[in-house]
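**Q** Before I ask anything, here is the structure I am working with.
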Amino acid sequence: TQSTWGLLLLFEKKIFLCSTIIMAPTASKSASLSFVLVILLVSLMQIFSSTLTSKPSLILFTGFLGSLVFLFLYIALGNAKDVLFNSGSCGWVELIISLLGGAISAGSVHRISMTSSVLFTFLWVGFLFISTELRSGKVDISRPVAKKGKKAN
């Protein structure tokens, strides 16, 4: 099957959609790959925990890694739900489980990483929401938004 993936570029207060057609993996392959990436990320965070807590910037980077754990876990749970129950949507349960998984994995390295992981996770949720709205066709980005205000004579 072919799928259209979009990349949002914010440039001068305009949103552009750059799309390419690529072959999308099946839901079972995507779920497997996402679970492997979750396990790999959590393992690497634990192996390098002493290095990741040595500098404040690395502590924030650990929070970003925790948000990646959230993202891959969310994708894995959604695709596993699609394969097992033939349901193509992710709900609040998957979101909360993924949020807790990412926060706990980052918090096991450093407690500040847990907080930054949750903050980075909000960015991922916003990106997922926008990309879902664009792919479903609920948002029309082809028309420019009219500015409100006084007209120049």
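Every chain in the structure tokens takes a letter, A first, then B, and so on in the order presented; its residues are numbered from 1, and the ligands are numbered from 1 following the presented order.
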Extract, using only C-alpha atoms, all DNA, RNA and protein residues at most 12 Å from region 44-47 of chain A, discarding same-chain residues fewer than 2 positions from it, and format them as a short mmCIF file (atom, residue, chain, number, x, y, z; two decimals) with all heavy atoms, in the first residue's frame.
**A**
```cif
data_model
loop_
_atom_site.label_atom_id
_atom_site.label_comp_id
_atom_site.auth_asym_id
_atom_site.auth_seq_id
_atom_site.Cartn_x
_atom_site.Cartn_y
_atom_site.Cartn_z
N LEU A 37 12.54 -0.55 19.18
CA LEU A 37 13.14 0.76 19.43
C LEU A 37 12.91 1.22 20.87
O LEU A 37 13.79 1.85 21.47
CB LEU A 37 12.60 1.79 18.45
CG LEU A 37 13.13 1.66 17.02
CD1 LEU A 37 12.39 2.61 16.09
CD2 LEU A 37 14.61 1.92 16.97
N VAL A 38 11.76 0.91 21.43
CA VAL A 38 11.50 1.25 22.83
C VAL A 38 12.47 0.51 23.74
O VAL A 38 13.10 1.11 24.62
CB VAL A 38 10.03 0.93 23.22
CG1 VAL A 38 9.84 0.96 24.72
CG2 VAL A 38 9.09 1.91 22.56
N ILE A 39 12.61 -0.78 23.51
CA ILE A 39 13.53 -1.58 24.34
C ILE A 39 14.96 -1.10 24.18
O ILE A 39 15.71 -0.98 25.15
CB ILE A 39 13.38 -3.07 23.99
CG1 ILE A 39 12.01 -3.57 24.44
CG2 ILE A 39 14.49 -3.90 24.63
CD1 ILE A 39 11.65 -4.94 23.92
N LEU A 40 15.35 -0.78 22.94
CA LEU A 40 16.70 -0.29 22.68
C LEU A 40 16.96 1.04 23.37
O LEU A 40 18.01 1.23 24.01
CB LEU A 40 16.92 -0.17 21.18
CG LEU A 40 18.29 0.26 20.72
CD1 LEU A 40 19.31 -0.81 21.04
CD2 LEU A 40 18.27 0.57 19.24
N LEU A 41 16.01 1.97 23.27
CA LEU A 41 16.19 3.27 23.91
C LEU A 41 16.27 3.17 25.43
O LEU A 41 17.15 3.79 26.05
CB LEU A 41 15.03 4.20 23.52
CG LEU A 41 15.19 5.01 22.26
CD1 LEU A 41 13.90 5.73 21.92
CD2 LEU A 41 16.31 6.00 22.40
N VAL A 42 15.38 2.41 26.02
CA VAL A 42 15.40 2.26 27.48
C VAL A 42 16.70 1.58 27.93
O VAL A 42 17.31 1.99 28.93
CB VAL A 42 14.15 1.49 27.96
CG1 VAL A 42 14.25 1.16 29.43
CG2 VAL A 42 12.90 2.30 27.68
N SER A 49 23.48 5.79 31.92
CA SER A 49 22.84 6.69 32.89
C SER A 49 23.85 7.59 33.62
O SER A 49 23.56 8.75 33.89
CB SER A 49 22.02 5.90 33.90
OG SER A 49 22.85 5.05 34.65
N SER A 50 25.03 7.08 33.92
CA SER A 50 26.02 7.91 34.60
C SER A 50 26.52 9.03 33.70
O SER A 50 26.76 10.15 34.15
CB SER A 50 27.20 7.06 35.10
OG SER A 50 27.82 6.43 34.00
N THR A 51 26.65 8.76 32.42
CA THR A 51 27.06 9.79 31.46
C THR A 51 25.94 10.80 31.23
O THR A 51 26.19 12.01 31.14
CB THR A 51 27.45 9.15 30.11
OG1 THR A 51 28.45 8.16 30.34
CG2 THR A 51 27.98 10.18 29.15
N LEU A 52 24.72 10.30 31.15
CA LEU A 52 23.58 11.18 30.87
C LEU A 52 23.24 12.10 32.03
O LEU A 52 22.51 13.08 31.85
CB LEU A 52 22.35 10.35 30.49
CG LEU A 52 22.43 9.65 29.13
CD1 LEU A 52 21.26 8.70 28.96
CD2 LEU A 52 22.48 10.66 28.01
N THR A 53 23.72 11.81 33.22
CA THR A 53 23.46 12.69 34.37
C THR A 53 24.67 13.55 34.73
O THR A 53 24.65 14.24 35.74
CB THR A 53 23.06 11.85 35.60
OG1 THR A 53 24.09 10.91 35.88
CG2 THR A 53 21.74 11.15 35.36
N LEU A 58 22.80 17.25 29.26
CA LEU A 58 22.56 15.83 29.01
C LEU A 58 21.34 15.32 29.78
O LEU A 58 20.68 14.39 29.34
CB LEU A 58 23.80 15.01 29.35
CG LEU A 58 24.99 15.19 28.41
CD1 LEU A 58 26.19 14.40 28.91
CD2 LEU A 58 24.62 14.78 27.00
N ILE A 59 21.06 15.96 30.91
CA ILE A 59 19.84 15.59 31.66
C ILE A 59 18.61 15.96 30.84
O ILE A 59 17.66 15.18 30.75
CB ILE A 59 19.83 16.28 33.05
CG1 ILE A 59 20.94 15.70 33.92
CG2 ILE A 59 18.49 16.11 33.73
CD1 ILE A 59 21.14 16.42 35.23
N PHE A 61 18.61 16.20 27.57
CA PHE A 61 18.64 15.28 26.44
C PHE A 61 18.03 13.93 26.83
O PHE A 61 17.35 13.29 26.02
CB PHE A 61 20.08 15.09 25.94
CG PHE A 61 20.19 14.13 24.80
CD1 PHE A 61 19.68 14.46 23.56
CD2 PHE A 61 20.81 12.91 24.98
CE1 PHE A 61 19.78 13.56 22.50
CE2 PHE A 61 20.91 12.01 23.92
CZ PHE A 61 20.40 12.35 22.68
N THR A 62 18.25 13.52 28.07
CA THR A 62 17.63 12.29 28.55
C THR A 62 16.10 12.43 28.57
O THR A 62 15.39 11.47 28.26
CB THR A 62 18.15 11.95 29.97
OG1 THR A 62 19.58 11.90 29.91
CG2 THR A 62 17.62 10.63 30.45
N GLY A 63 15.62 13.61 28.91
CA GLY A 63 14.18 13.85 28.83
C GLY A 63 13.67 13.75 27.41
O GLY A 63 12.58 13.22 27.16
N PHE A 64 14.47 14.23 26.45
CA PHE A 64 14.08 14.09 25.05
C PHE A 64 14.06 12.62 24.64
O PHE A 64 13.17 12.18 23.91
CB PHE A 64 15.03 14.88 24.15
CG PHE A 64 14.71 14.75 22.70
CD1 PHE A 64 13.60 15.38 22.17
CD2 PHE A 64 15.51 13.99 21.86
CE1 PHE A 64 13.29 15.26 20.83
CE2 PHE A 64 15.20 13.85 20.53
CZ PHE A 64 14.10 14.49 20.01
N LEU A 65 15.03 11.85 25.12
CA LEU A 65 15.03 10.41 24.83
C LEU A 65 13.80 9.74 25.44
O LEU A 65 13.21 8.84 24.84
CB LEU A 65 16.31 9.75 25.36
CG LEU A 65 17.61 10.11 24.65
CD1 LEU A 65 18.79 9.44 25.34
CD2 LEU A 65 17.55 9.73 23.19
N GLY A 66 13.39 10.18 26.63
CA GLY A 66 12.17 9.66 27.23
C GLY A 66 10.94 9.99 26.40
O GLY A 66 10.01 9.19 26.30
N LEU A 68 11.00 10.27 23.17
CA LEU A 68 11.06 9.34 22.04
C LEU A 68 10.54 7.96 22.44
O LEU A 68 9.90 7.28 21.62
CB LEU A 68 12.50 9.23 21.52
CG LEU A 68 13.02 10.42 20.74
CD1 LEU A 68 14.47 10.17 20.33
CD2 LEU A 68 12.17 10.71 19.53
N VAL A 69 10.79 7.57 23.69
CA VAL A 69 10.21 6.32 24.19
C VAL A 69 8.69 6.43 24.14
O VAL A 69 8.00 5.49 23.73
CB VAL A 69 10.70 6.01 25.63
CG1 VAL A 69 9.92 4.87 26.24
CG2 VAL A 69 12.18 5.69 25.62
N GLY A 102 7.21 6.60 29.00
CA GLY A 102 8.29 7.53 28.69
C GLY A 102 8.79 8.27 29.92
O GLY A 102 9.99 8.45 30.11
N ILE A 104 8.56 7.33 33.13
CA ILE A 104 9.23 6.42 34.06
C ILE A 104 10.61 6.04 33.54
O ILE A 104 11.58 5.97 34.32
CB ILE A 104 8.35 5.18 34.34
CG1 ILE A 104 7.14 5.60 35.17
CG2 ILE A 104 9.13 4.08 35.03
CD1 ILE A 104 6.10 4.52 35.32
N SER A 105 10.74 5.83 32.23
CA SER A 105 12.05 5.48 31.68
C SER A 105 13.04 6.64 31.84
O SER A 105 14.21 6.42 32.15
CB SER A 105 11.94 5.07 30.22
OG SER A 105 11.55 6.16 29.42
N ALA A 106 12.58 7.87 31.64
CA ALA A 106 13.46 9.02 31.84
C ALA A 106 13.70 9.27 33.33
O ALA A 106 14.80 9.63 33.74
CB ALA A 106 12.87 10.26 31.19
N GLY A 107 12.67 9.06 34.14
CA GLY A 107 12.82 9.27 35.58
C GLY A 107 13.72 8.26 36.25
O GLY A 107 14.27 8.53 37.32
N SER A 108 13.90 7.11 35.65
CA SER A 108 14.81 6.12 36.23
C SER A 108 16.27 6.54 36.07
O SER A 108 17.14 6.03 36.76
CB SER A 108 14.59 4.75 35.59
OG SER A 108 14.95 4.77 34.23
N VAL A 109 16.51 7.49 35.16
CA VAL A 109 17.87 8.01 35.00
C VAL A 109 18.08 9.22 35.90
O VAL A 109 19.06 9.31 36.63
CB VAL A 109 18.14 8.37 33.52
CG1 VAL A 109 19.49 9.02 33.36
CG2 VAL A 109 18.02 7.14 32.64
N HIS A 110 17.15 10.18 35.86
CA HIS A 110 17.23 11.38 36.70
C HIS A 110 15.83 11.97 36.83
O HIS A 110 15.06 11.95 35.88
CB HIS A 110 18.18 12.40 36.06
CG HIS A 110 18.65 13.47 36.99
ND1 HIS A 110 17.89 14.58 37.27
CD2 HIS A 110 19.78 13.58 37.71
CE1 HIS A 110 18.55 15.35 38.12
NE2 HIS A 110 19.71 14.76 38.40
N SER A 113 14.83 14.66 34.40
CA SER A 113 14.57 14.12 33.07
C SER A 113 13.11 13.71 32.91
O SER A 113 12.56 13.78 31.81
CB SER A 113 15.46 12.90 32.80
OG SER A 113 16.81 13.26 32.83
#
```
**Q** Report as a list in words all protein, DNA and RNA residues lying within 10 Å of region 79-86 of chain A, evaluated on only C-alpha atoms, omitting residues in the same chain fewer than 4 positions from it.
**A** Thr26, Ala27, Ser28, Lys29, Ser30, Ala31, Ser32, Ser34, Phe35, Leu73, Tyr74, Ile75, Cys90 and Glu94 of chain A
**Q** Pull all heavy atoms from the residues just selected and write them as a compact mmCIF listing (two decimals), in the first residue's frame.
**A**
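The resulting part_20.txt:
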```txt
# COMPACT_ATOMS: atom_id res chain seq x y z
N THR A 26 3.55 -2.62 7.07
CA THR A 26 2.31 -3.13 7.63
C THR A 26 2.25 -2.78 9.11
O THR A 26 3.26 -2.43 9.72
CB THR A 26 2.23 -4.65 7.45
OG1 THR A 26 3.31 -5.26 8.17
CG2 THR A 26 2.29 -5.03 5.98
N ALA A 27 1.06 -2.90 9.69
CA ALA A 27 0.89 -2.55 11.10
C ALA A 27 1.69 -3.48 11.99
O ALA A 27 2.25 -3.05 13.01
CB ALA A 27 -0.59 -2.59 11.47
N SER A 28 1.78 -4.76 11.64
CA SER A 28 2.53 -5.69 12.48
C SER A 28 4.02 -5.41 12.43
O SER A 28 4.71 -5.48 13.46
CB SER A 28 2.25 -7.13 12.06
OG SER A 28 2.64 -7.34 10.72
N LYS A 29 4.56 -5.06 11.26
CA LYS A 29 5.98 -4.72 11.16
C LYS A 29 6.27 -3.43 11.92
O LYS A 29 7.30 -3.31 12.59
CB LYS A 29 6.39 -4.57 9.71
CG LYS A 29 6.50 -5.87 8.96
CD LYS A 29 6.94 -5.62 7.53
CE LYS A 29 6.97 -6.92 6.75
NZ LYS A 29 7.34 -6.69 5.35
N SER A 30 5.38 -2.46 11.80
CA SER A 30 5.57 -1.19 12.49
C SER A 30 5.52 -1.37 14.00
O SER A 30 6.31 -0.76 14.72
CB SER A 30 4.51 -0.20 12.03
OG SER A 30 4.65 1.02 12.70
N ALA A 31 4.58 -2.20 14.48
CA ALA A 31 4.49 -2.45 15.92
C ALA A 31 5.75 -3.14 16.43
O ALA A 31 6.30 -2.77 17.47
CB ALA A 31 3.25 -3.28 16.23
N SER A 32 6.23 -4.12 15.68
CA SER A 32 7.44 -4.85 16.09
C SER A 32 8.64 -3.93 16.14
O SER A 32 9.42 -3.94 17.10
CB SER A 32 7.71 -6.01 15.13
OG SER A 32 6.63 -6.88 15.08
N SER A 34 8.69 -0.69 16.43
CA SER A 34 8.52 0.31 17.48
C SER A 34 8.83 -0.28 18.86
O SER A 34 9.48 0.37 19.68
CB SER A 34 7.11 0.88 17.46
OG SER A 34 6.89 1.57 16.26
N PHE A 35 8.36 -1.52 19.11
CA PHE A 35 8.69 -2.16 20.39
C PHE A 35 10.19 -2.39 20.53
O PHE A 35 10.76 -2.19 21.61
CB PHE A 35 7.94 -3.50 20.54
CG PHE A 35 6.55 -3.36 21.07
CD1 PHE A 35 5.48 -3.91 20.39
CD2 PHE A 35 6.29 -2.70 22.26
CE1 PHE A 35 4.18 -3.79 20.87
CE2 PHE A 35 5.01 -2.57 22.75
CZ PHE A 35 3.95 -3.12 22.05
N LEU A 73 6.47 4.03 21.79
CA LEU A 73 5.52 3.19 22.51
C LEU A 73 4.09 3.47 22.07
O LEU A 73 3.27 2.55 21.94
CB LEU A 73 5.68 3.41 24.02
CG LEU A 73 4.94 2.46 24.96
CD1 LEU A 73 5.34 1.02 24.69
CD2 LEU A 73 5.22 2.83 26.40
N TYR A 74 3.78 4.73 21.82
CA TYR A 74 2.45 5.10 21.33
C TYR A 74 2.19 4.49 19.95
O TYR A 74 1.11 3.95 19.69
CB TYR A 74 2.34 6.62 21.28
CG TYR A 74 0.96 7.14 20.98
CD1 TYR A 74 -0.08 6.98 21.89
CD2 TYR A 74 0.70 7.80 19.79
CE1 TYR A 74 -1.34 7.46 21.62
CE2 TYR A 74 -0.57 8.29 19.52
CZ TYR A 74 -1.58 8.11 20.44
OH TYR A 74 -2.84 8.58 20.16
N ILE A 75 3.19 4.55 19.08
CA ILE A 75 3.05 3.94 17.75
C ILE A 75 2.90 2.43 17.88
O ILE A 75 2.06 1.82 17.21
CB ILE A 75 4.26 4.31 16.87
CG1 ILE A 75 4.23 5.80 16.54
CG2 ILE A 75 4.29 3.47 15.60
CD1 ILE A 75 5.49 6.30 15.89
N CYS A 90 -6.02 5.27 18.06
CA CYS A 90 -5.45 5.26 19.40
C CYS A 90 -6.31 6.16 20.28
O CYS A 90 -6.71 7.24 19.87
CB CYS A 90 -4.03 5.78 19.39
SG CYS A 90 -2.84 4.61 18.82
N GLU A 94 -4.04 4.40 25.45
CA GLU A 94 -2.72 4.25 24.85
C GLU A 94 -1.84 5.46 25.12
O GLU A 94 -0.64 5.35 25.37
CB GLU A 94 -2.82 4.01 23.34
CG GLU A 94 -3.42 2.69 22.96
CD GLU A 94 -4.94 2.71 22.92
OE1 GLU A 94 -5.54 3.79 23.14
OE2 GLU A 94 -5.53 1.65 22.67
```
**Q** Between A:Val36, A:Ser57, A:Leu71, A:Phe48, which is the closest to Leu123 (chain A) once you count only C-alpha atoms?
**A**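 Closest residue, counting only C-alpha atoms: A:Leu71.
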**Q** From the list A:Phe70, A:Leu33, A:Ser43, A:Pro25, which residue is nearest Leu128 (chain A) when using only C-alpha atoms?
**A**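 Answer, going by the shortest atom-to-atom distance: A:Phe70.
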**Q** As a PyMOL selection string, which residues of region 3-124 of chain A does DSSP assign to strand (DSSP E)?
**A** chain A and resi 3-11+14-23
**Q** Name the residues of region 58-114 of chain A that fall into alpha helix (DSSP H) according to DSSP on the backbone, using the chain letters and numbers of this document, as a VMD selection string.
**A** chain A and resid 58 to 85 92 to 107 111 to 114
**Q** Of the candidates A:Arg111, A:Ser67, A:Val93, A:Gly78, which one gets nearest to Trp124 (chain A) if we count only C-alpha atoms?
**A**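 Result for the nearest residue to Trp124 (chain A): A:Ser67.
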